[in-house]
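Remarks on the structure that follows.
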Amino acid sequence: MFDKAKILAGLLLFLAILASPVLYNLARGSAAPPELKTGTEEKKCLEPTEYMRAGHMTLLNSWRDSVIRNEDRVYTASDGRQWDMSLTQTCLVRCHSRKTEFCDKCHNYAAVTPYCWDCHLAPEEKK
Amino acid sequence: MPFNKREFLKLAGLSLAGLGLPPALRSLAEADLSRVAPRPGALVGKRWGMVVNLRACREGCNDCRVACHRIHNVPAMPNPGHEIKWIWTEPFENAFPGQENLYLDQSLKGKAAPVLCNHCDNPPCVRVCPTKATFKRPDGIVMMDYHRCIGCRYCVAGCPYGSRSFNWLDPRPYIKEPNLEFPARTKGVVEKCTFCEERLAKGLIPACVEACKDKALVFGDLEDPGSEVRALLGAHFSIRRKPELGTQPQIYYLV
Amino acid sequence: MLEKVLTGSRKYWGWLGFLAALIGAGFFCYLWQLRDGLGITGLSRDVSWGFYIAQFTFLVGVAASAVMVVLPYYLHHYQLFGKITILGEFLAVGAVSMCGLFIFVDMGQPFRVLNILLYPTLNSIMFWDMTVLSGYLLLNAVIGFVTLDAESKGIAPAPWVKPLIYLSIPWAVSIHTVTAFLYAGLPGRHLWLTAILAARFLASAFASGPSLLILLILILKRVSSFDAGKEPVQKLAQIVTYAMILNVFFLGLEFFTAFYSQIPGHMASLEYLFFGLEGHGKLVPWMWISMILAALGILLLLNPATRRQETLLAAACLAVFFAAWIDKGLGLVVGGFIPSPLEKVTEYAPTAPELLISLGVYGIGFFIITVLYKIAIGVREDLAA
């Protein structure tokens with residue numbers, strides 16, 4: 001092919017740029033998943049922890065529609081416990097009240113910025 | 001490795017199907033999100049409405065507005081053009097534009113009348129909303145879903161009463177004492193009175209009704225013939241705002 | 001065909017560069033608006049739609065006006081418009097694109113706009129507006145490209161384009177009717193609650209759209225090899241004349257109903273716009289300028305001597321265009337909100353960022369029109385050679 005050297009060099013450069021985030025993290029040594037502190041006495045998650053980790057947004061969106069659009073406010077978990085469907089009054093008051101030590105830790109690690117906090121007011125945390 | 005088109009497509013199809021496997025397996029461990037129910041102890045009504053007794057309403061009083069705006073995190077915006085208000089008072093002539101005349105009863109001339117969303121039976125705001133972010137509940141409350149609102153302000157144009165406010169800026173800095181038990185809103189969405197539906201769900205009457213020391217605001221089920229609102233409407237003449245528009249407002253004013 | 005965009009004179013690139021600068025400035029202001037909210041505009045609790053929606057309303061009319069060249073040529077074989085239908089169709093593409101962008105920049109939560117499609121609400125006119133405008137954009141883009149492509153190859157366009165062309169004719173009328181319905185069904189806004197709003201919109205559209213088309217044709221004659229000829233332009237000018245007379249007549253009808261009936265709700269907004277209300281009258285000079293421009297435009301267009309003279313024709317078209325722009329844009333949209341439902345007067349004026357964002361959107365629209373026209377001209381040049 002024509003200009004073989006230039007093309008191959010360009011391709012390598014492109015691949016390097018494309019892979020740069022991964023290479024950067026490999027070089028720096030990525031942080032381990034964060035240590036979370038709940039700030040409450042509750043030991044058992046609403047639903048199995050594996051599900052909560054992966055599916056809490058699905059759960060919250062479903063709760064949002066149930067409360068706002070259907071006036072249903074009581075959720076029965078798979079273990080039979082009943083909960084008031086409220087991000088701030090249930091999740092944050094009953095289970096993990098320290099947003100900075102719980103919610104934000106994983107969100108920052110995973111680089112997600114949920115906009116829930118634009119409206120929903122987190123409990124004040126004692127310093 | 002010469003591939004013909006058919007083999008390539010078969011491999012691509014299998015790969016795509018394979019990509020769908022982890023989520024499918026994960027969903028087997030899902031929670032059953034359909035196990036929901038209404039809260040017991042809620043106030044239940046067939047058709048919520050309010051009677052405002054203008055004779056009892058005290059001049060210069062703002063208790064209803066203060067209570068409502070405090071518990072609902074309604075911000076105090078510095079620019080009057082960006083004002084957000086759910087319930088407030090307007091002079092009689094502004095609240096009832098068709099009713100003014102030169103010889104108006106002295107007690108009504110300039111009288112401060114509490115105005116709020118009328119929770120109309122035939123609401124134009126609900127008719128125009130392109131996403132059903134504002135919708136009518138079976139119990140008559142015209143509700144707001146702030147998550148779905150795209151901020152088009154069609155409902156603001158549609159409301160003939162000026163009951164709706166838009167968040168032109170981020171309201172958070174302007175909320176004096178946040179009530180952590182109720183969310184705030186964010187910039188870019190429309191908000192209004194929702195008849196304290198979150199309090200009704202806890203068996204409590206609306207905050208404005210509770211705050212009014214003169215009992216000028218009476219809340220109740222209009223379809224319950226034994227309710228206080230029905231008693232008042234049965235015994236006194238009442239007017240509604242702009243009835244000729246066919247919106248069927250459910251806030252009745254005793255003059 | 002698309003490669004025609006990539007070659008051009010210095011003026012061409014200079015013009016595109018200028019538009020790019022406008023777009024850039026508008027874009028940065030839009031980032032500011034995204035960060036801080038629509039509070040950086042002049043909008044308020046009482047006047048909740050303003051400059052952005054005024055531009056949208058006006059531009060839907062410009063987009064619909066493509067039917068004024070498409071209908072005579074395709075439905076009635078009016079050969080005189082043969083060379084300029086592509087210009088009308090591409091103008092429609094640019095105009096509808098601007099409509100969509102003006103709606104987008106006006107949204108409080110623009111990234112949720114897809115909720116309209118996720119939760120379709122058939123009783124909301126806004127849902128239908130989005131539908132018909134998207135459809136019209138698609139129709140004109142497809143029709144324009146397919147017919148131009150066929151023309152460049154010297155063959156007849158594919159047969160399936162014909163039904164699309166026929167469809168675009170009532171569709172053009174529908175986009176502006178639906179836009180009028182956005183306003184004309186709101187019980188609380190008496191300036192808009194008139195049965196003739198859609199008729200007014202269409203009359204104003206068929207005056208302002210073809211005027212812009214005439215102006216663009218005159219510009220093309222000077223900056224490119226494209227010469228549409230005198231007669232098509234004269235015929236378009238006649239259309240503008242009758243449409244503008246109708247437009248002014250309809251406004252007169254509104255005045256009659258309001259002021260002869262003496263019903264306060266009917267009169268109040270017109271009073272505010274044309275005479276001022278309770279000491280407020282920011283828009284009064286604008287409305288009277290609009291009336292003077294309308295009269296001037298009509299007079300210049302009615303008189304064949306002035307209509308045939310190109311400079312005066314251009315002046316007349318500019319006058320008609322801006323008269324309609326003022327009256328249908330700011331006049332109608334802002335006037336509808338004043339007085340407020342609580343009988344208060346809150347005035348409105350757009351802020352600098354609001355205007356820059358709007359200029360940015362206009363930049364994008366004219367960029368699209370320039371690029372599309374460049375392709376059309378390029379194809380015609382190739383054919384002439």
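Going through the structure tokens in order, the chains are called A, B, and so on, while each chain numbers its residues from 1 and the ligands are numbered from 1 in the order shown.
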
I'd like the contact shell of segment 84-94 of chain A - 10 Å cut-off, only C-alpha atoms, skipping same-chain residues fewer than 6 positions apart - returned as a PyMOL selection string. (chain A and resi 38-42+45-46+59-60+62-64+66-67+72-76+102-103+116+120-123) or (chain B and resi 36-39+180-183)

Using only C-alpha atoms and a cut-off of 10 Å, which residues of chain B sit close to chain A? Please list them as a tab-separated table (two decimals) with N, CA and C atoms, in the first residue's frame.
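So result04.tsv came out as:
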chain	number	residue	atom	x	y	z
B	26	ARG	N	-29.17	-11.96	35.40
B	26	ARG	CA	-29.23	-11.10	36.58
B	26	ARG	C	-30.67	-10.82	36.97
B	27	SER	N	-31.53	-10.70	35.97
B	27	SER	CA	-32.91	-10.32	36.28
B	27	SER	C	-33.62	-11.43	37.03
B	29	ALA	N	-32.54	-12.68	39.60
B	29	ALA	CA	-32.37	-12.37	41.01
B	29	ALA	C	-33.07	-11.08	41.38
B	30	GLU	N	-34.00	-10.59	40.51
B	30	GLU	CA	-34.59	-9.28	40.72
B	30	GLU	C	-35.61	-9.29	41.83
B	31	ALA	N	-35.89	-8.08	42.31
B	31	ALA	CA	-36.96	-7.93	43.28
B	31	ALA	C	-38.28	-7.81	42.53
B	32	ASP	N	-39.36	-8.12	43.21
B	32	ASP	CA	-40.67	-7.99	42.60
B	32	ASP	C	-41.17	-6.58	42.92
B	33	LEU	N	-41.04	-5.70	41.92
B	33	LEU	CA	-41.35	-4.30	42.18
B	33	LEU	C	-42.85	-4.02	42.13
B	34	SER	N	-43.65	-5.05	41.90
B	34	SER	CA	-45.08	-4.79	41.80
B	34	SER	C	-45.78	-4.92	43.14
B	35	ARG	N	-45.03	-5.33	44.20
B	35	ARG	CA	-45.69	-5.52	45.50
B	35	ARG	C	-45.78	-4.18	46.22
B	36	VAL	N	-46.73	-3.37	45.74
B	36	VAL	CA	-46.90	-2.04	46.32
B	36	VAL	C	-48.35	-1.87	46.73
B	37	ALA	N	-48.57	-0.97	47.66
B	37	ALA	CA	-49.93	-0.74	48.14
B	37	ALA	C	-50.04	0.69	48.68
B	38	PRO	N	-51.26	1.21	48.76
B	38	PRO	CA	-51.41	2.54	49.35
B	38	PRO	C	-51.11	2.49	50.85
B	39	ARG	N	-50.78	3.66	51.39
B	39	ARG	CA	-50.46	3.71	52.82
B	39	ARG	C	-51.75	3.66	53.62
B	40	PRO	N	-51.78	2.84	54.65
B	40	PRO	CA	-53.00	2.85	55.49
B	40	PRO	C	-53.05	4.15	56.30
B	73	ASN	N	-40.62	23.73	50.73
B	73	ASN	CA	-39.35	24.22	50.20
B	73	ASN	C	-39.54	25.12	48.98
B	132	LYS	N	-47.67	14.25	30.11
B	132	LYS	CA	-48.46	13.88	31.28
B	132	LYS	C	-47.66	14.09	32.57
B	133	ALA	N	-46.79	15.09	32.56
B	133	ALA	CA	-46.09	15.43	33.80
B	133	ALA	C	-47.07	16.05	34.78
B	134	THR	N	-48.07	16.73	34.27
B	134	THR	CA	-49.17	17.14	35.13
B	134	THR	C	-50.38	16.32	34.72
B	135	PHE	N	-51.04	15.75	35.71
B	135	PHE	CA	-52.11	14.83	35.38
B	135	PHE	C	-53.17	14.89	36.47
B	136	LYS	N	-54.34	14.36	36.15
B	136	LYS	CA	-55.43	14.42	37.09
B	136	LYS	C	-55.56	13.09	37.81
B	137	ARG	N	-55.55	13.13	39.14
B	137	ARG	CA	-55.73	11.90	39.92
B	137	ARG	C	-57.21	11.56	39.99
B	138	PRO	N	-57.54	10.30	40.28
B	138	PRO	CA	-58.95	9.93	40.40
B	138	PRO	C	-59.67	10.71	41.50
B	143	MET	N	-52.09	16.79	39.77
B	143	MET	CA	-50.81	16.44	40.38
B	143	MET	C	-49.64	16.86	39.49
B	144	MET	N	-48.46	16.97	40.08
B	144	MET	CA	-47.24	17.31	39.33
B	144	MET	C	-46.23	16.18	39.46
B	145	ASP	N	-45.68	15.75	38.35
B	145	ASP	CA	-44.55	14.79	38.37
B	145	ASP	C	-43.32	15.56	37.92
B	146	TYR	N	-42.53	16.04	38.90
B	146	TYR	CA	-41.39	16.89	38.56
B	146	TYR	C	-40.29	16.14	37.83
B	147	HIS	N	-40.33	14.81	37.91
B	147	HIS	CA	-39.30	14.04	37.22
B	147	HIS	C	-39.53	14.02	35.72
B	170	ASP	N	-31.90	27.87	39.67
B	170	ASP	CA	-31.83	26.84	40.69
B	170	ASP	C	-32.39	27.39	41.99
B	171	PRO	N	-33.46	26.77	42.52
B	171	PRO	CA	-34.10	27.34	43.71
B	171	PRO	C	-33.34	27.12	45.00
B	172	ARG	N	-32.41	26.14	45.03
B	172	ARG	CA	-31.83	25.73	46.31
B	172	ARG	C	-31.23	26.87	47.12
B	178	PRO	N	-34.68	24.78	54.74
B	178	PRO	CA	-35.18	23.59	54.02
B	178	PRO	C	-35.90	22.63	54.95
B	179	ASN	N	-37.02	22.10	54.47
B	179	ASN	CA	-37.71	21.03	55.18
B	179	ASN	C	-37.23	19.73	54.58
B	180	LEU	N	-36.42	18.97	55.36
B	180	LEU	CA	-35.79	17.79	54.80
B	180	LEU	C	-36.78	16.67	54.53
B	181	GLU	N	-38.01	16.82	55.04
B	181	GLU	CA	-38.98	15.74	54.84
B	181	GLU	C	-39.69	15.84	53.50
B	182	PHE	N	-39.40	16.89	52.74
B	182	PHE	CA	-40.07	17.06	51.45
B	182	PHE	C	-39.01	17.52	50.46
B	183	PRO	N	-39.04	17.03	49.23
B	183	PRO	CA	-38.02	17.45	48.28
B	183	PRO	C	-38.17	18.91	47.88
B	184	ALA	N	-37.10	19.46	47.33
B	184	ALA	CA	-37.21	20.74	46.65
B	184	ALA	C	-37.46	20.41	45.18
B	185	ARG	N	-37.39	21.40	44.32
B	185	ARG	CA	-37.45	21.13	42.89
B	185	ARG	C	-36.14	21.65	42.30
B	186	THR	N	-35.95	21.39	41.02
B	186	THR	CA	-34.74	21.83	40.37
B	186	THR	C	-35.09	22.89	39.33
B	187	LYS	N	-34.07	23.55	38.76
B	187	LYS	CA	-34.38	24.54	37.75
B	187	LYS	C	-34.97	23.85	36.54
B	197	GLU	N	-50.84	16.52	48.86
B	197	GLU	CA	-51.18	15.10	48.73
B	197	GLU	C	-50.26	14.22	49.60
B	198	GLU	N	-49.06	14.71	49.88
B	198	GLU	CA	-48.16	13.91	50.73
B	198	GLU	C	-48.64	13.91	52.17
B	201	ALA	N	-51.77	11.64	52.45
B	201	ALA	CA	-51.36	10.24	52.53
B	201	ALA	C	-51.01	9.84	53.95

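Shortest separation to Lys99 of chain A among A:Leu12, A:Val22, A:Leu36, A:Met1 occurs at residue A:Leu36, atoms counted being only C-alpha atoms.
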
Please tabulate, as a Markdown table, the residues of chain B that come within 6 Å of chain C, each with its closest pair of atoms and the distance in Å to one decimal, counting only C-alpha atoms and ordering rows by chain, then residue number upward.
| residue | atom | partner | partner_atom | distance |
| --- | --- | --- | --- | --- |
| B:Gly81 | CA | C:Ser44 | CA | 4.5 |
| B:His82 | CA | C:Ser44 | CA | 5.6 |
| B:Asn94 | CA | C:Leu342 | CA | 5.0 |
| B:Arg127 | CA | C:Ser124 | CA | 5.9 |
| B:Val128 | CA | C:Ser124 | CA | 4.4 |
| B:Cys129 | CA | C:Ser124 | CA | 5.8 |
| B:Pro130 | CA | C:Ser124 | CA | 5.2 |
| B:Thr131 | CA | C:Ile116 | CA | 5.2 |
| B:Ile150 | CA | C:Gln109 | CA | 4.6 |
| B:Gly151 | CA | C:Gly108 | CA | 4.0 |
| B:Cys152 | CA | C:Met107 | CA | 5.0 |
| B:Gly158 | CA | C:Leu186 | CA | 5.3 |
| B:Pro160 | CA | C:Gly188 | CA | 3.8 |
| B:Tyr161 | CA | C:Pro341 | CA | 5.3 |
| B:Gly162 | CA | C:Pro341 | CA | 5.5 |
| B:Trp168 | CA | C:Gly39 | CA | 4.3 |
| B:Leu169 | CA | C:Gly37 | CA | 4.9 |
| B:Gly188 | CA | C:Gly108 | CA | 3.6 |

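Using only C-alpha atoms for every distance, the candidate list B:Leu254, B:Cys149, B:Val115, B:Cys68 yields B:Cys149 as the residue closest to Val189 of chain B.
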